[in-house]
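K.L.:
Dropping in coords_30.pdb, which is PDB, C-alpha atoms and all ligand atoms:
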ATOM      1  CA  MET D   1      -4.593   1.202 -20.909
ATOM      2  CA  ALA D   2      -7.047   3.614 -19.261
ATOM      3  CA  ASP D   3      -6.363   7.319 -19.819
ATOM      4  CA  PRO D   4      -3.383   7.927 -17.463
ATOM      5  CA  THR D   5      -4.312  11.576 -16.889
ATOM      6  CA  GLN D   6      -7.804  10.606 -15.784
ATOM      7  CA  SER D   7      -6.572   7.786 -13.550
ATOM      8  CA  ASN D   8      -3.990  10.082 -11.921
ATOM      9  CA  ALA D   9      -6.765  12.614 -11.265
ATOM     10  CA  ASP D  10      -8.933   9.836  -9.777
ATOM     11  CA  GLN D  11      -6.084   8.764  -7.472
ATOM     12  CA  LEU D  12      -5.463  12.353  -6.377
ATOM     13  CA  ALA D  13      -9.150  12.773  -5.523
ATOM     14  CA  PHE D  14      -9.373   9.426  -3.728
ATOM     15  CA  TRP D  15      -6.256   9.775  -1.553
ATOM     16  CA  ASN D  16      -7.090  13.375  -0.651
ATOM     17  CA  GLY D  17     -10.738  12.477  -0.079
ATOM     18  CA  PRO D  18     -12.403   9.423   1.452
ATOM     19  CA  GLY D  19      -9.444   7.066   0.967
ATOM     20  CA  GLY D  20      -6.886   9.323   2.643
ATOM     21  CA  HIS D  21      -9.122  10.277   5.563
ATOM     22  CA  THR D  22     -10.017   6.645   6.217
ATOM     23  CA  TRP D  23      -6.331   5.644   6.163
ATOM     24  CA  VAL D  24      -5.571   8.374   8.701
ATOM     25  CA  ALA D  25      -8.419   7.201  10.947
ATOM     26  CA  ARG D  26      -7.363   3.549  10.617
ATOM     27  CA  GLN D  27      -3.583   4.145  10.616
ATOM     28  CA  GLN D  28      -2.857   2.632  14.021
ATOM     29  CA  HIS D  29      -4.884  -0.486  13.287
ATOM     30  CA  THR D  30      -3.443  -0.907   9.779
ATOM     31  CA  ASP D  31       0.121  -0.462  11.020
ATOM     32  CA  ILE D  32      -0.402  -3.237  13.593
ATOM     33  CA  SER D  33      -1.963  -5.603  11.023
ATOM     34  CA  LEU D  34       0.821  -4.945   8.532
ATOM     35  CA  ALA D  35       3.723  -4.739  11.016
ATOM     36  CA  PRO D  36       5.195  -8.099   9.919
ATOM     37  CA  VAL D  37       5.117  -6.862   6.313
ATOM     38  CA  SER D  38       6.915  -3.633   7.238
ATOM     39  CA  GLN D  39       9.571  -5.659   9.068
ATOM     40  CA  ALA D  40      10.123  -7.864   6.013
ATOM     41  CA  LEU D  41      10.374  -4.841   3.728
ATOM     42  CA  LEU D  42      12.817  -3.043   6.016
ATOM     43  CA  ALA D  43      14.967  -6.175   6.194
ATOM     44  CA  LEU D  44      15.010  -6.322   2.392
ATOM     45  CA  ALA D  45      15.746  -2.598   1.999
ATOM     46  CA  ALA D  46      18.515  -2.722   4.629
ATOM     47  CA  PRO D  47      18.857   1.072   5.082
ATOM     48  CA  ARG D  48      22.318   2.151   6.237
ATOM     49  CA  ALA D  49      23.503   5.096   8.310
ATOM     50  CA  GLY D  50      23.998   8.210   6.205
ATOM     51  CA  GLU D  51      21.908   7.070   3.217
ATOM     52  CA  ARG D  52      19.471   9.252   1.297
ATOM     53  CA  VAL D  53      16.173   7.390   0.973
ATOM     54  CA  LEU D  54      13.096   8.062  -1.149
ATOM     55  CA  ASP D  55       9.925   6.541   0.358
ATOM     56  CA  ILE D  56       7.316   6.473  -2.411
ATOM     57  CA  GLY D  57       3.651   6.712  -1.416
ATOM     58  CA  CYS D  58       4.710   6.996   2.225
ATOM     59  CA  GLY D  59       1.143   7.561   3.457
ATOM     60  CA  CYS D  60       1.050   8.072   7.231
ATOM     61  CA  GLY D  61       4.678   6.950   7.485
ATOM     62  CA  ALA D  62       4.294   3.197   8.074
ATOM     63  CA  ILE D  63       7.951   2.555   7.210
ATOM     64  CA  THR D  64       9.189   6.153   6.889
ATOM     65  CA  LEU D  65       9.897   6.605  10.576
ATOM     66  CA  GLU D  66      11.887   3.364  10.749
ATOM     67  CA  LEU D  67      13.869   4.370   7.660
ATOM     68  CA  ALA D  68      14.637   7.733   9.269
ATOM     69  CA  ARG D  69      15.862   6.050  12.453
ATOM     70  CA  ALA D  70      18.019   3.636  10.458
ATOM     71  CA  VAL D  71      19.776   6.276   8.332
ATOM     72  CA  GLY D  72      20.297   8.442  11.412
ATOM     73  CA  PRO D  73      21.181  12.129  11.655
ATOM     74  CA  THR D  74      23.712  11.945   8.809
ATOM     75  CA  GLY D  75      21.094  10.419   6.496
ATOM     76  CA  HIS D  76      17.833  11.731   5.128
ATOM     77  CA  VAL D  77      14.413  10.476   3.978
ATOM     78  CA  ALA D  78      12.229  12.145   1.345
ATOM     79  CA  ALA D  79       8.698  10.942   2.041
ATOM     80  CA  VAL D  80       6.596  11.574  -1.071
ATOM     81  CA  ASP D  81       2.853  11.194  -1.299
ATOM     82  CA  ILE D  82      -0.061  12.789  -3.147
ATOM     83  CA  SER D  83      -2.277  12.703  -0.035
ATOM     84  CA  ALA D  84      -2.280  15.845   2.125
ATOM     85  CA  PRO D  85      -4.129  14.244   5.072
ATOM     86  CA  MET D  86      -1.863  11.204   5.178
ATOM     87  CA  LEU D  87       1.308  13.305   4.960
ATOM     88  CA  ALA D  88       0.035  15.546   7.765
ATOM     89  CA  GLU D  89      -0.464  12.478   9.930
ATOM     90  CA  GLY D  90       3.006  11.155   9.094
ATOM     91  CA  LYS D  91       4.588  14.494   9.860
ATOM     92  CA  ALA D  92       2.758  14.747  13.194
ATOM     93  CA  ARG D  93       3.944  11.250  14.153
ATOM     94  CA  ALA D  94       7.530  12.131  13.246
ATOM     95  CA  GLU D  95       7.392  15.314  15.319
ATOM     96  CA  ALA D  96       5.944  13.423  18.275
ATOM     97  CA  ALA D  97       8.797  10.917  17.986
ATOM     98  CA  GLY D  98      11.447  13.666  17.688
ATOM     99  CA  ILE D  99      12.404  12.563  14.164
ATOM    100  CA  ALA D 100      13.716  15.522  12.150
ATOM    101  CA  ASN D 101      15.510  13.973   9.151
ATOM    102  CA  VAL D 102      12.398  13.508   6.965
ATOM    103  CA  ASP D 103      11.108  15.840   4.247
ATOM    104  CA  TRP D 104       7.353  15.290   3.866
ATOM    105  CA  MET D 105       6.600  16.196   0.241
ATOM    106  CA  GLN D 106       3.131  16.421  -1.255
ATOM    107  CA  ALA D 107       3.879  15.451  -4.845
ATOM    108  CA  ASP D 108       3.267  12.825  -7.501
ATOM    109  CA  ALA D 109       6.274  10.506  -7.418
ATOM    110  CA  ALA D 110       5.876  10.039 -11.182
ATOM    111  CA  THR D 111       6.749  13.677 -11.887
ATOM    112  CA  ALA D 112       8.187  15.271  -8.708
ATOM    113  CA  ALA D 113      11.596  16.961  -8.784
ATOM    114  CA  LEU D 114      13.730  14.307  -7.049
ATOM    115  CA  ASP D 115      17.416  13.532  -7.204
ATOM    116  CA  GLY D 116      20.338  11.671  -5.664
ATOM    117  CA  PHE D 117      18.838   8.754  -3.704
ATOM    118  CA  ASP D 118      20.829   5.719  -2.533
ATOM    119  CA  LEU D 119      17.751   3.682  -1.629
ATOM    120  CA  LEU D 120      14.179   3.828  -2.987
ATOM    121  CA  THR D 121      11.426   2.097  -1.034
ATOM    122  CA  SER D 122       7.677   1.723  -1.052
ATOM    123  CA  SER D 123       5.181  -0.036   1.145
ATOM    124  CA  PHE D 124       2.157  -0.619  -1.135
ATOM    125  CA  GLY D 125       2.581   2.821  -2.750
ATOM    126  CA  VAL D 126       3.641   2.083  -6.336
ATOM    127  CA  MET D 127       0.546   0.380  -7.796
ATOM    128  CA  PHE D 128      -1.406   3.553  -8.509
ATOM    129  CA  PHE D 129       0.494   5.166 -11.402
ATOM    130  CA  GLY D 130      -1.546   5.857 -14.563
ATOM    131  CA  ASP D 131       1.570   5.125 -16.669
ATOM    132  CA  PRO D 132       3.811   2.853 -14.561
ATOM    133  CA  VAL D 133       6.696   2.627 -17.062
ATOM    134  CA  ALA D 134       6.947   6.423 -17.306
ATOM    135  CA  ALA D 135       6.663   6.706 -13.505
ATOM    136  CA  PHE D 136       9.421   4.167 -12.803
ATOM    137  CA  ALA D 137      11.635   5.742 -15.501
ATOM    138  CA  HIS D 138      11.212   9.103 -13.735
ATOM    139  CA  ILE D 139      11.976   7.495 -10.364
ATOM    140  CA  ARG D 140      15.012   5.790 -11.952
ATOM    141  CA  ARG D 141      16.404   9.229 -12.828
ATOM    142  CA  ALA D 142      16.154  10.165  -9.128
ATOM    143  CA  ALA D 143      18.429   7.231  -8.217
ATOM    144  CA  SER D 144      22.176   7.609  -7.692
ATOM    145  CA  PRO D 145      24.461   5.210  -9.580
ATOM    146  CA  GLY D 146      24.201   1.793  -7.902
ATOM    147  CA  ALA D 147      21.075   2.742  -5.918
ATOM    148  CA  ARG D 148      18.856  -0.063  -4.581
ATOM    149  CA  MET D 149      15.097  -0.266  -4.783
ATOM    150  CA  ALA D 150      12.881  -2.375  -2.510
ATOM    151  CA  PHE D 151       9.095  -2.392  -2.397
ATOM    152  CA  VAL D 152       6.172  -4.560  -1.411
ATOM    153  CA  CYS D 153       2.970  -5.037  -3.401
ATOM    154  CA  TRP D 154       0.030  -7.429  -3.291
ATOM    155  CA  ARG D 155      -0.214 -10.716  -5.191
ATOM    156  CA  PRO D 156      -3.667 -11.511  -6.695
ATOM    157  CA  LEU D 157      -6.882 -11.208  -4.737
ATOM    158  CA  THR D 158      -7.420 -14.974  -4.953
ATOM    159  CA  GLU D 159      -4.250 -15.430  -2.856
ATOM    160  CA  ASN D 160      -5.391 -12.824  -0.316
ATOM    161  CA  PRO D 161      -8.279 -14.258   1.722
ATOM    162  CA  TRP D 162      -7.927 -11.411   4.266
ATOM    163  CA  MET D 163      -9.594  -9.311   1.574
ATOM    164  CA  GLU D 164     -11.387 -11.906  -0.521
ATOM    165  CA  VAL D 165     -13.367 -13.414   2.380
ATOM    166  CA  PRO D 166     -15.091 -10.095   3.286
ATOM    167  CA  MET D 167     -15.631  -9.357  -0.427
ATOM    168  CA  ARG D 168     -17.342 -12.709  -0.982
ATOM    169  CA  ALA D 169     -19.525 -12.041   2.052
ATOM    170  CA  VAL D 170     -20.632  -8.642   0.735
ATOM    171  CA  ALA D 171     -21.024  -9.514  -2.965
ATOM    172  CA  PRO D 172     -24.571 -10.984  -2.716
ATOM    173  CA  HIS D 173     -25.809  -7.778  -1.039
ATOM    174  CA  VAL D 174     -24.676  -5.258  -3.672
ATOM    175  CA  PRO D 175     -25.393  -4.878  -7.397
ATOM    176  CA  PRO D 176     -23.106  -6.875  -9.701
ATOM    177  CA  ARG D 177     -19.958  -5.030 -10.750
ATOM    178  CA  PRO D 178     -18.171  -5.066 -14.105
ATOM    179  CA  LYS D 179     -15.052  -7.247 -13.992
ATOM    180  CA  ALA D 180     -12.111  -5.020 -13.079
ATOM    181  CA  ASN D 181      -9.106  -4.693 -15.393
ATOM    182  CA  PRO D 182      -6.351  -6.450 -13.373
ATOM    183  CA  GLN D 183      -3.739  -3.953 -14.613
ATOM    184  CA  ALA D 184      -5.762  -0.821 -13.828
ATOM    185  CA  PRO D 185      -4.134   1.410 -11.197
ATOM    186  CA  GLY D 186      -5.121   0.018  -7.807
ATOM    187  CA  MET D 187      -3.999  -2.291  -5.060
ATOM    188  CA  PHE D 188      -3.676  -5.401  -7.273
ATOM    189  CA  ALA D 189      -2.126  -3.704 -10.331
ATOM    190  CA  PHE D 190       1.270  -5.356  -9.640
ATOM    191  CA  ALA D 191      -0.087  -8.790  -8.749
ATOM    192  CA  ASP D 192       1.434 -10.360 -11.867
ATOM    193  CA  ALA D 193       5.172 -11.001 -11.449
ATOM    194  CA  GLN D 194       5.877 -10.856 -15.171
ATOM    195  CA  ARG D 195       4.202  -7.463 -15.431
ATOM    196  CA  VAL D 196       6.256  -6.062 -12.543
ATOM    197  CA  SER D 197       9.399  -7.327 -14.215
ATOM    198  CA  ASP D 198       8.396  -5.917 -17.621
ATOM    199  CA  VAL D 199       7.502  -2.498 -16.170
ATOM    200  CA  LEU D 200      10.742  -2.145 -14.228
ATOM    201  CA  THR D 201      13.066  -3.290 -17.012
ATOM    202  CA  ALA D 202      11.259  -1.097 -19.571
ATOM    203  CA  ALA D 203      11.821   1.804 -17.166
ATOM    204  CA  GLY D 204      15.579   1.220 -17.004
ATOM    205  CA  TRP D 205      15.861  -0.825 -13.795
ATOM    206  CA  ALA D 206      17.859  -4.039 -13.532
ATOM    207  CA  PRO D 207      15.718  -7.194 -13.869
ATOM    208  CA  PRO D 208      14.054  -7.351 -10.438
ATOM    209  CA  ARG D 209      13.990 -10.193  -7.970
ATOM    210  CA  LEU D 210      10.484 -11.056  -6.744
ATOM    211  CA  ASP D 211      10.195 -13.083  -3.541
ATOM    212  CA  LYS D 212       6.903 -14.370  -2.240
ATOM    213  CA  LEU D 213       5.921 -13.098   1.185
ATOM    214  CA  ASP D 214       3.111 -15.134   2.749
ATOM    215  CA  LEU D 215       1.823 -14.134   6.155
ATOM    216  CA  ASP D 216      -1.315 -14.635   8.193
ATOM    217  CA  LEU D 217      -2.481 -11.062   8.760
ATOM    218  CA  ASP D 218      -4.331 -10.192  11.964
ATOM    219  CA  ILE D 219      -7.056  -7.971  10.536
ATOM    220  CA  ALA D 220      -8.375  -7.390  14.073
ATOM    221  CA  ALA D 221      -5.015  -5.944  15.181
ATOM    222  CA  GLY D 222      -5.475  -7.910  18.420
ATOM    223  CA  ARG D 223      -8.747  -6.116  19.215
ATOM    224  CA  GLY D 224     -11.336  -8.808  18.539
ATOM    225  CA  LEU D 225     -13.894  -9.788  15.913
ATOM    226  CA  GLU D 226     -15.867  -6.521  15.901
ATOM    227  CA  GLU D 227     -12.728  -4.540  15.153
ATOM    228  CA  ALA D 228     -11.932  -6.885  12.249
ATOM    229  CA  VAL D 229     -15.436  -6.328  10.901
ATOM    230  CA  VAL D 230     -15.020  -2.540  11.101
ATOM    231  CA  GLN D 231     -11.611  -2.685   9.439
ATOM    232  CA  SER D 232     -12.963  -4.842   6.601
ATOM    233  CA  THR D 233     -15.722  -2.356   5.861
ATOM    234  CA  GLN D 234     -13.434   0.691   6.030
ATOM    235  CA  ILE D 235     -10.425  -0.300   3.916
ATOM    236  CA  GLY D 236     -10.281  -1.490   0.325
ATOM    237  CA  VAL D 237     -12.856  -2.688  -2.155
ATOM    238  CA  VAL D 238     -15.615  -3.487   0.354
ATOM    239  CA  ASN D 239     -15.604   0.117   1.463
ATOM    240  CA  SER D 240     -16.176   1.382  -2.079
ATOM    241  CA  TRP D 241     -18.879  -1.241  -2.677
ATOM    242  CA  LEU D 242     -20.807  -0.208   0.445
ATOM    243  CA  ARG D 243     -20.421   3.540  -0.043
ATOM    244  CA  GLY D 244     -23.827   5.037  -0.905
ATOM    245  CA  GLN D 245     -25.748   1.791  -0.277
ATOM    246  CA  PRO D 246     -29.004   1.989   1.736
ATOM    247  CA  ALA D 247     -28.615   1.430   5.492
ATOM    248  CA  GLU D 248     -30.417  -1.927   5.426
ATOM    249  CA  VAL D 249     -28.043  -3.232   2.736
ATOM    250  CA  VAL D 250     -25.019  -2.134   4.766
ATOM    251  CA  THR D 251     -26.426  -3.760   7.914
ATOM    252  CA  ALA D 252     -27.025  -7.073   6.119
ATOM    253  CA  ALA D 253     -23.580  -6.966   4.459
ATOM    254  CA  VAL D 254     -21.852  -6.269   7.769
ATOM    255  CA  ALA D 255     -23.676  -9.216   9.366
ATOM    256  CA  SER D 256     -22.419 -11.460   6.552
ATOM    257  CA  ILE D 257     -18.847 -10.212   7.021
ATOM    258  CA  ARG D 258     -19.087 -10.929  10.758
ATOM    259  CA  GLU D 259     -20.316 -14.467  10.080
ATOM    260  CA  ALA D 260     -17.539 -15.110   7.528
ATOM    261  CA  LEU D 261     -14.772 -13.739   9.755
ATOM    262  CA  ALA D 262     -15.989 -15.560  12.876
ATOM    263  CA  ALA D 263     -14.484 -18.757  11.428
ATOM    264  CA  HIS D 264     -11.019 -17.130  11.612
ATOM    265  CA  VAL D 265     -11.106 -15.855  15.200
ATOM    266  CA  ASP D 266      -7.991 -16.768  17.170
ATOM    267  CA  GLY D 267      -8.346 -15.246  20.659
ATOM    268  CA  ALA D 268      -8.395 -11.459  20.178
ATOM    269  CA  SER D 269      -7.000 -11.856  16.661
ATOM    270  CA  VAL D 270      -8.677 -12.644  13.351
ATOM    271  CA  ARG D 271      -6.044 -14.172  11.104
ATOM    272  CA  LEU D 272      -6.306 -14.729   7.374
ATOM    273  CA  PRO D 273      -3.630 -15.371   4.763
ATOM    274  CA  GLY D 274      -2.063 -12.456   2.905
ATOM    275  CA  ALA D 275       0.161 -12.824  -0.164
ATOM    276  CA  MET D 276       2.660 -10.228  -1.322
ATOM    277  CA  TRP D 277       5.672  -9.719  -3.548
ATOM    278  CA  LEU D 278       8.868  -8.387  -2.075
ATOM    279  CA  VAL D 279      10.467  -6.713  -5.062
ATOM    280  CA  SER D 280      14.096  -5.650  -5.235
ATOM    281  CA  SER D 281      16.104  -4.132  -8.027
ATOM    282  CA  ALA D 282      18.960  -1.733  -8.676
ATOM    283  CA  ALA D 283      19.515   1.241 -10.911
ATOM    284  CA  ALA D 284      20.782  -0.507 -14.067
TER     285      ALA D 284
HETATM  286  C1  LIG V   1      -2.031   1.773   0.201
HETATM  287  S1  LIG V   1      -1.423   3.333   0.693
HETATM  288  C2  LIG V   1       0.100   2.892   1.492
HETATM  289  C3  LIG V   1       0.569   3.937   2.446
HETATM  290  C4  LIG V   1       1.801   3.581   3.270
HETATM  291  N1  LIG V   1       2.975   3.424   2.457
HETATM  292  C5  LIG V   1       1.562   2.358   4.109
HETATM  293  O1  LIG V   1       2.145   1.297   3.834
HETATM  294  O2  LIG V   1       0.763   2.450   5.061
HETATM  295  C6  LIG V   1      -0.889   3.973  -0.890
HETATM  296  C7  LIG V   1      -0.269   5.343  -0.811
HETATM  297  O3  LIG V   1       0.261   5.705  -2.109
HETATM  298  C8  LIG V   1      -0.009   7.076  -2.321
HETATM  299  N2  LIG V   1       0.075   7.363  -3.762
HETATM  300  C9  LIG V   1      -0.746   6.935  -4.741
HETATM  301  N3  LIG V   1      -0.330   7.396  -5.925
HETATM  302  C10 LIG V   1       0.791   8.124  -5.713
HETATM  303  C11 LIG V   1       1.680   8.858  -6.540
HETATM  304  N4  LIG V   1       1.503   8.931  -7.866
HETATM  305  N5  LIG V   1       2.735   9.508  -5.976
HETATM  306  C12 LIG V   1       2.926   9.457  -4.626
HETATM  307  N6  LIG V   1       2.110   8.773  -3.782
HETATM  308  C13 LIG V   1       1.058   8.115  -4.316
HETATM  309  C14 LIG V   1      -1.382   7.275  -1.700
HETATM  310  O4  LIG V   1      -1.674   8.625  -1.445
HETATM  311  C15 LIG V   1      -1.251   6.430  -0.440
HETATM  312  O5  LIG V   1      -0.723   7.177   0.622
END
Would you mind writing the file's structure down as structure tokens?

P.N.:
Amino acid sequence: MADPTQSNADQLAFWNGPGGHTWVARQQHTDISLAPVSQALLALAAPRAGERVLDIGCGCGAITLELARAVGPTGHVAAVDISAPMLAEGKARAEAAGIANVDWMQADAATAALDGFDLLTSSFGVMFFGDPVAAFAHIRRAASPGARMAFVCWRPLTENPWMEVPMRAVAPHVPPRPKANPQAPGMFAFADAQRVSDVLTAAGWAPPRLDKLDLDLDIAAGRGLEEAVVQSTQIGVVNSWLRGQPAEVVTAAVASIREALAAHVDGASVRLPGAMWLVSSAAA
């Protein structure tokens, strides 16, 4: 395992730096592309009026606002994230929508002072812990007896052409990269079902249920091919590969992405398969 302290520091820097600012800028687009995922997660979580919910790695509030509406004025949502810019965006959206039952907390969910939650959720926010067993054990202690947990995470890259197709298009343009450790903190850290199960049970959660969620994701968010190209260069691995590359390399890589995505145009949408785990468990 990589040094957890160093990887936590790296995550803090990324989500408060380029990663967080890009997510804020792309929030509307990303929320549209991932709307069917959010709906599936909310259906799994089934928040009820009056519940106290912890939304882990809430970002700009993709599901937080819906959770807050569902639990209503007698319920409450603690929205925890390490990213100041993303929390600020979430808070601004909540204020604009007149939603007042959310606490926006800038904190590491692996160590924050948290207590008494009936429901714990996360939309793609639990794959970044340096020490996942310790993090989920800490989160377990924040759960009330009988609390439910529901989160969504990505299955492997090879099952996610929405990301793999742009990566394959860019790869010939950039220097070769060392093979990534599949369990290193990052978007695919929970791709392996057995690992997710092992982490959660070692952390004191009931053996989880993992259901496959397969959806064609519109990476154009209904705004056409060029928008899909921009999104592919801004979010995820391609963005880090292209950062700091000479302008001519970026131009050539973008042209290759456009060519690769053109095959998936469907009217104003650009649809490619996405593969996720819907994970549910309970405080054991
Ligand atoms: C991929 S984004 C998902 C954001 C949002 N939930 C969504 O679905 O749009 C991952 C989020 O997890 C947050 N995050 C990463 N590590 C965290 C930690 N240890 N504690 C709390 N949040 C964390 C990041 O700051 C980021 O907002």

K.L.:
My list of candidates is D:Ala68, D:Ala142, D:Val279, D:Ala228. Which is closest to D:Ser197 when distances are computed with only C-alpha atoms?

P.N.:
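Selected residue with least distance to D:Ser197: D:Val279.
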
K.L.:
Here is a test: counting only C-alpha atoms and all ligand atoms, which residue of D:Ala43, D:Ile235, D:Ala221, D:Val199 is nearest to ligand LIG 1 (chain V)?

P.N.:
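Going through D:Ala43, D:Ile235, D:Ala221, D:Val199 one by one, the smallest distance to ligand LIG 1 (chain V) is for D:Ile235.
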
K.L.:
I'd like the interatomic distance between atom CA of D:Ile257 and atom CA of D:Trp162, to a tenth of an Å.

P.N.:
11.3 Å

K.L.:
Report, in Å to a single decimal, how far apart atom CA of D:Asp108 and atom CA of D:Gln234 are.

P.N.:
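Atom CA of D:Asp108 lies at a distance of 24.7 Å from atom CA of D:Gln234.
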
K.L.:
Write out as a list of chain:residue names the residues lying within 12 Å of D:Glu164, counting all atoms listed in the file and excluding same-chain residues fewer than 2 positions away.

P.N.:
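Near neighbours after the sequence-gap exclusion: D:Pro156, D:Leu157, D:Thr158, D:Glu159, D:Asn160, D:Pro161, D:Trp162, D:Pro166, D:Met167, D:Arg168, D:Ala169, D:Val170, D:Ala171, D:Ser232, D:Gly236, D:Val237, D:Val238, D:Ile257, D:Ala260, D:Leu261, D:Leu272, D:Pro273, D:Gly274, D:Ala275.
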
K.L.:
Quick one: residues within 10 Å of (2.9, 8.6, -10.7) (file frame), counting all atoms listed in the file, please, as a list of chain:residue names.

P.N.:
D:Pro4, D:Thr5, D:Ser7, D:Asn8, D:Gln11, D:Ile56, D:Gly57, D:Asp81, D:Ile82, D:Ala107, D:Asp108, D:Ala109, D:Ala110, D:Thr111, D:Ala112, D:Gly125, D:Val126, D:Met127, D:Phe128, D:Phe129, D:Gly130, D:Asp131, D:Pro132, D:Val133, D:Ala134, D:Ala135, D:Phe136, D:His138, D:Ile139

K.L.:
Can you build me a table of stretch 142-188 of chain D residues sitting at most 12 Å from stretch 33-39 of chain D, with the closest atom pair per residue and its distance in Å to one decimal, using all atoms listed in the file, sorted by chain and residue number, as JSON lines?

P.N.:
{"residue": "D:Ala150", "atom": "CA", "partner": "D:Ser38", "partner_atom": "CA", "distance": 11.5}
{"residue": "D:Phe151", "atom": "CA", "partner": "D:Ser38", "partner_atom": "CA", "distance": 10.0}
{"residue": "D:Val152", "atom": "CA", "partner": "D:Val37", "partner_atom": "CA", "distance": 8.1}
{"residue": "D:Cys153", "atom": "CA", "partner": "D:Val37", "partner_atom": "CA", "distance": 10.1}
{"residue": "D:Trp154", "atom": "CA", "partner": "D:Val37", "partner_atom": "CA", "distance": 10.9}
{"residue": "D:Trp162", "atom": "CA", "partner": "D:Ser33", "partner_atom": "CA", "distance": 10.7}

K.L.:
What are the centre and the three edge lengths of an axis-aligned box that wraps all atoms of ligand LIG 1 (chain V) in the file, given that 5 Å is added to every side, written as lines of an AutoDock Vina configuration file and rounded to one decimal in Å?

P.N.:
center_x = 0.5
center_y = 5.4
center_z = -1.4
size_x = 15.0
size_y = 18.2
size_z = 22.9

K.L.:
What is the distance, in Å and to one decimal place, between atom CA of D:Trp205 and atom CA of D:Arg141?

P.N.:
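Computed distance, atom CA of D:Trp205 to atom CA of D:Arg141, equals 10.1 Å.
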
K.L.:
To test your reading of the syntax: which residues would the PyMOL selection byres (((chain D and resi 59) around 8) and not hetatm) return for the file shown? Reply as a PyMOL selection string.

P.N.:
chain D and resi 57-58+60-62+81+83+86-87+90+125

K.L.:
Which residue, D:Gln6, D:Ser281, D:Ser122, D:Gln245, has the smallest gap to D:Ala147 when you use all atoms listed in the file?

P.N.:
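Comparing D:Gln6, D:Ser281, D:Ser122, D:Gln245 against D:Ala147, the winner is D:Ser281.
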
K.L.:
On this file, the PyMOL selection byres (((chain D and resi 209) around 6) and not hetatm) gives some set of residues; write that set as a PyMOL selection string.

P.N.:
chain D and resi 208+210+279-280

K.L.:
Of the residues D:Asp266, D:Glu95, D:Glu227, D:Asp31, which is the one nearest to ligand LIG 1 (chain V), using only C-alpha atoms and all ligand atoms?

P.N.:
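Result for the nearest residue to ligand LIG 1 (chain V): D:Asp31.
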
K.L.:
Of the residues D:Val270, D:Met105, D:Val53, D:Ala92, which is the one nearest to ligand LIG 1 (chain V), using only C-alpha atoms and all ligand atoms?

P.N.:
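Going through D:Val270, D:Met105, D:Val53, D:Ala92 one by one, the smallest distance to ligand LIG 1 (chain V) is for D:Met105.
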
K.L.:
What lies within 12 Å of D:Ala25 using all atoms listed in the file, ignoring chain neighbours under 2 positions off, as a list in words?

P.N.:
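The neighbour list is Pro18, Gly19, Gly20, His21, Thr22, Trp23, Gln27, Gln28, His29, Thr30, Asp31, Cys60, Pro85, Met86, Glu89, Val230, Gln231, Gln234 and Ile235 of chain D.
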
K.L.:
Could you check the closest approach to ligand LIG 1 (chain V) for each of D:Pro185, D:Gly267, D:Gly50, D:Gly116 and tell me which residue wins, using all atoms listed in the file?

P.N.:
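Ranked by minimum distance to ligand LIG 1 (chain V), first place goes to D:Pro185.
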
K.L.:
Mind checking which residues fall within 10 Å of D:Val250, counting all atoms listed in the file, ignoring those fewer than 6 positions away in the same chain, and posting them as a list in words?

P.N.:
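Counting all atoms listed in the file, the residues come to Val170, His173, Val174, Thr233, Trp241, Leu242, Arg243, Gly244 and Ser256 of chain D.
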